[in-house]
Amino acid sequence: MRKVTYCILILISLSACSEYQKALNSDEVSVKFNLGTELFDAEKYSKASRLFAQILPQYRGRPQAQKLTYMQAMCFYNTRDYSSSSYQMERFVNSYPDSEKVEEMAFLGAKSYYLMAPIFSKDSEDTKIAIDKLQEFINAFPESEYISDANNLIFELDYRLEMKEFNIALQYNVLTDYQAAIKSFENFLIDFPGSELREKAMYYRFDSAYKLAVNSVVWKQKERIENAVTYFNSFKNNYNDSEFLTEMESKMTELSEINNI
């Protein structure tokens, strides 16, 4: 009985493969469209996409073009070809602005850029593009059901940029390039005033200034100690119960002793 069932399954599979190959090789666009739609509905996106790619040019200007463009865009999205899905979805939005699918396409097109954006340690250009695309969606569809999702994606992308800039500044501190570290932390605090990393950035700005001062030649120490004091006071005014304060106060004592020599 098992052998019979197995043979039946093989025959069904071979029949389906044969039908698909015939459609691929057929000159009838309707055959490709109909089978592609069946495959799309069955979530066999890769196969459906191959059929759709063959017939998209022939359907331009025809009533079925909107549905075909939508399905092809979703095939790209569901097979994680986000470069193609972003392009196809933007094309859909521009071609069919009155479609009931336009909001979905606009959001998923922007989300495709988010899905292409790298982790924070990599180049941030794609991340910035993704933020811009999501913001464009929010501006275009302020009442959309996808607004909350879009805002959450922007928040995550912003955090990636924060982490990248913070870690660049921290790396300068680790490599003892304290002037570059101070400048980088100052830029970070300007660029991300509401960051969760603000306390740490202010601490490491002071730490970099402290290390720069104690390692300076005598004739530069006074000015650099004054800068460190300014950063300490700024930190204390903002975080007077911080866990970093005990260590920072100890360093301030050291700087005071150096300044009185």
# chains A, B, ... in the order shown; residues from 1 in each chain; ligands from 1
>>> residues_around(residues="region 56-70 of chain A", least_positions_apart="6", cutoff="9 Å", atoms="only C-alpha atoms", output="MDAnalysis selection string")
chainID A and resid 29 33 37 88:89 91:92 95:96 99 101 105
>>> select_by_dssp(residues="region 145-194 of chain A", states="helix (DSSP H, G or I)", output="VMD selection string")
chain A and resid 147 to 174 178 to 191
>>> write_last_selection(atoms="N, CA and C atoms", output="short mmCIF file (atom, residue, chain, number, x, y, z; two decimals), in the first residue's frame")
data_model
loop_
_atom_site.label_atom_id
_atom_site.label_comp_id
_atom_site.auth_asym_id
_atom_site.auth_seq_id
_atom_site.Cartn_x
_atom_site.Cartn_y
_atom_site.Cartn_z
N ILE A 147 1.79 52.50 9.83
CA ILE A 147 2.58 53.60 10.42
C ILE A 147 3.37 53.15 11.63
N SER A 148 2.74 52.39 12.50
CA SER A 148 3.43 51.92 13.71
C SER A 148 4.62 51.05 13.35
N ASP A 149 4.43 50.15 12.38
CA ASP A 149 5.53 49.29 11.94
C ASP A 149 6.66 50.12 11.32
N ALA A 150 6.29 51.11 10.51
CA ALA A 150 7.29 51.95 9.87
C ALA A 150 8.10 52.73 10.91
N ASN A 151 7.42 53.26 11.90
CA ASN A 151 8.12 54.00 12.97
C ASN A 151 9.06 53.09 13.75
N ASN A 152 8.62 51.88 14.01
CA ASN A 152 9.48 50.93 14.73
C ASN A 152 10.74 50.58 13.92
N LEU A 153 10.58 50.44 12.61
CA LEU A 153 11.73 50.13 11.76
C LEU A 153 12.71 51.31 11.72
N ILE A 154 12.17 52.53 11.66
CA ILE A 154 13.03 53.71 11.69
C ILE A 154 13.78 53.79 13.02
N PHE A 155 13.09 53.50 14.11
CA PHE A 155 13.72 53.51 15.43
C PHE A 155 14.89 52.53 15.48
N GLU A 156 14.66 51.34 14.94
CA GLU A 156 15.73 50.33 14.93
C GLU A 156 16.91 50.76 14.07
N LEU A 157 16.62 51.35 12.91
CA LEU A 157 17.68 51.80 12.03
C LEU A 157 18.46 52.96 12.64
N ASP A 158 17.74 53.87 13.30
CA ASP A 158 18.41 54.97 14.01
C ASP A 158 19.37 54.42 15.06
N TYR A 159 18.91 53.38 15.76
CA TYR A 159 19.76 52.79 16.79
C TYR A 159 21.02 52.17 16.18
N ARG A 160 20.88 51.58 15.00
CA ARG A 160 22.06 51.02 14.32
C ARG A 160 23.08 52.13 14.03
N LEU A 161 22.55 53.28 13.56
CA LEU A 161 23.46 54.41 13.29
C LEU A 161 24.11 54.91 14.57
N GLU A 162 23.32 54.97 15.64
CA GLU A 162 23.87 55.38 16.94
C GLU A 162 24.99 54.45 17.37
N MET A 163 24.73 53.15 17.28
CA MET A 163 25.73 52.17 17.70
C MET A 163 27.00 52.28 16.87
N LYS A 164 26.83 52.52 15.58
CA LYS A 164 28.01 52.64 14.71
C LYS A 164 28.84 53.85 15.11
N GLU A 165 28.19 55.02 15.27
CA GLU A 165 28.93 56.24 15.61
C GLU A 165 29.53 56.14 17.01
N PHE A 166 28.81 55.54 17.94
CA PHE A 166 29.33 55.39 19.30
C PHE A 166 30.57 54.50 19.30
N ASN A 167 30.49 53.41 18.57
CA ASN A 167 31.62 52.47 18.56
C ASN A 167 32.84 53.03 17.83
N ILE A 168 32.62 53.88 16.83
CA ILE A 168 33.74 54.55 16.18
C ILE A 168 34.45 55.45 17.19
N ALA A 169 33.67 56.24 17.93
CA ALA A 169 34.26 57.13 18.94
C ALA A 169 34.97 56.33 20.03
N LEU A 170 34.35 55.24 20.46
CA LEU A 170 34.95 54.41 21.51
C LEU A 170 36.26 53.79 21.02
N GLN A 171 36.30 53.42 19.75
CA GLN A 171 37.52 52.83 19.20
C GLN A 171 38.67 53.83 19.23
N TYR A 172 38.39 55.10 18.98
CA TYR A 172 39.44 56.12 19.09
C TYR A 172 39.99 56.17 20.51
N ASN A 173 39.10 56.04 21.48
CA ASN A 173 39.54 56.04 22.88
C ASN A 173 40.44 54.85 23.16
N VAL A 174 40.05 53.68 22.68
CA VAL A 174 40.83 52.46 22.90
C VAL A 174 42.19 52.55 22.22
N TYR A 178 42.98 60.33 21.61
CA TYR A 178 42.00 60.94 22.50
C TYR A 178 41.36 62.19 21.91
N GLN A 179 42.10 62.95 21.11
CA GLN A 179 41.50 64.12 20.49
C GLN A 179 40.40 63.72 19.51
N ALA A 180 40.65 62.70 18.72
CA ALA A 180 39.62 62.20 17.79
C ALA A 180 38.43 61.63 18.57
N ALA A 181 38.71 60.98 19.70
CA ALA A 181 37.63 60.42 20.52
C ALA A 181 36.74 61.52 21.06
N ILE A 182 37.36 62.59 21.59
CA ILE A 182 36.58 63.71 22.13
C ILE A 182 35.68 64.31 21.05
N LYS A 183 36.28 64.57 19.89
CA LYS A 183 35.52 65.16 18.78
C LYS A 183 34.38 64.24 18.35
N SER A 184 34.65 62.94 18.27
CA SER A 184 33.63 61.99 17.84
C SER A 184 32.49 61.89 18.84
N PHE A 185 32.82 61.89 20.14
CA PHE A 185 31.76 61.84 21.15
C PHE A 185 30.95 63.13 21.16
N GLU A 186 31.60 64.26 20.92
CA GLU A 186 30.86 65.52 20.83
C GLU A 186 29.89 65.50 19.65
N ASN A 187 30.36 65.00 18.51
CA ASN A 187 29.48 64.88 17.34
C ASN A 187 28.32 63.93 17.61
N PHE A 188 28.62 62.84 18.31
CA PHE A 188 27.58 61.88 18.65
C PHE A 188 26.50 62.54 19.50
N LEU A 189 26.90 63.30 20.49
CA LEU A 189 25.94 63.95 21.39
C LEU A 189 25.09 64.99 20.66
N ILE A 190 25.66 65.62 19.63
CA ILE A 190 24.91 66.58 18.83
C ILE A 190 23.94 65.86 17.90
N ASP A 191 24.42 64.79 17.27
CA ASP A 191 23.61 64.07 16.29
C ASP A 191 22.50 63.23 16.92
#
>>> atom_distance(atom1="CA of Tyr210 (chain A)", atom2="CA of Thr246 (chain A)")
14.5 Å
>>> atom_distance(atom1="CA of Asn240 (chain A)", atom2="CA of Asn227 (chain A)")
19.0 Å
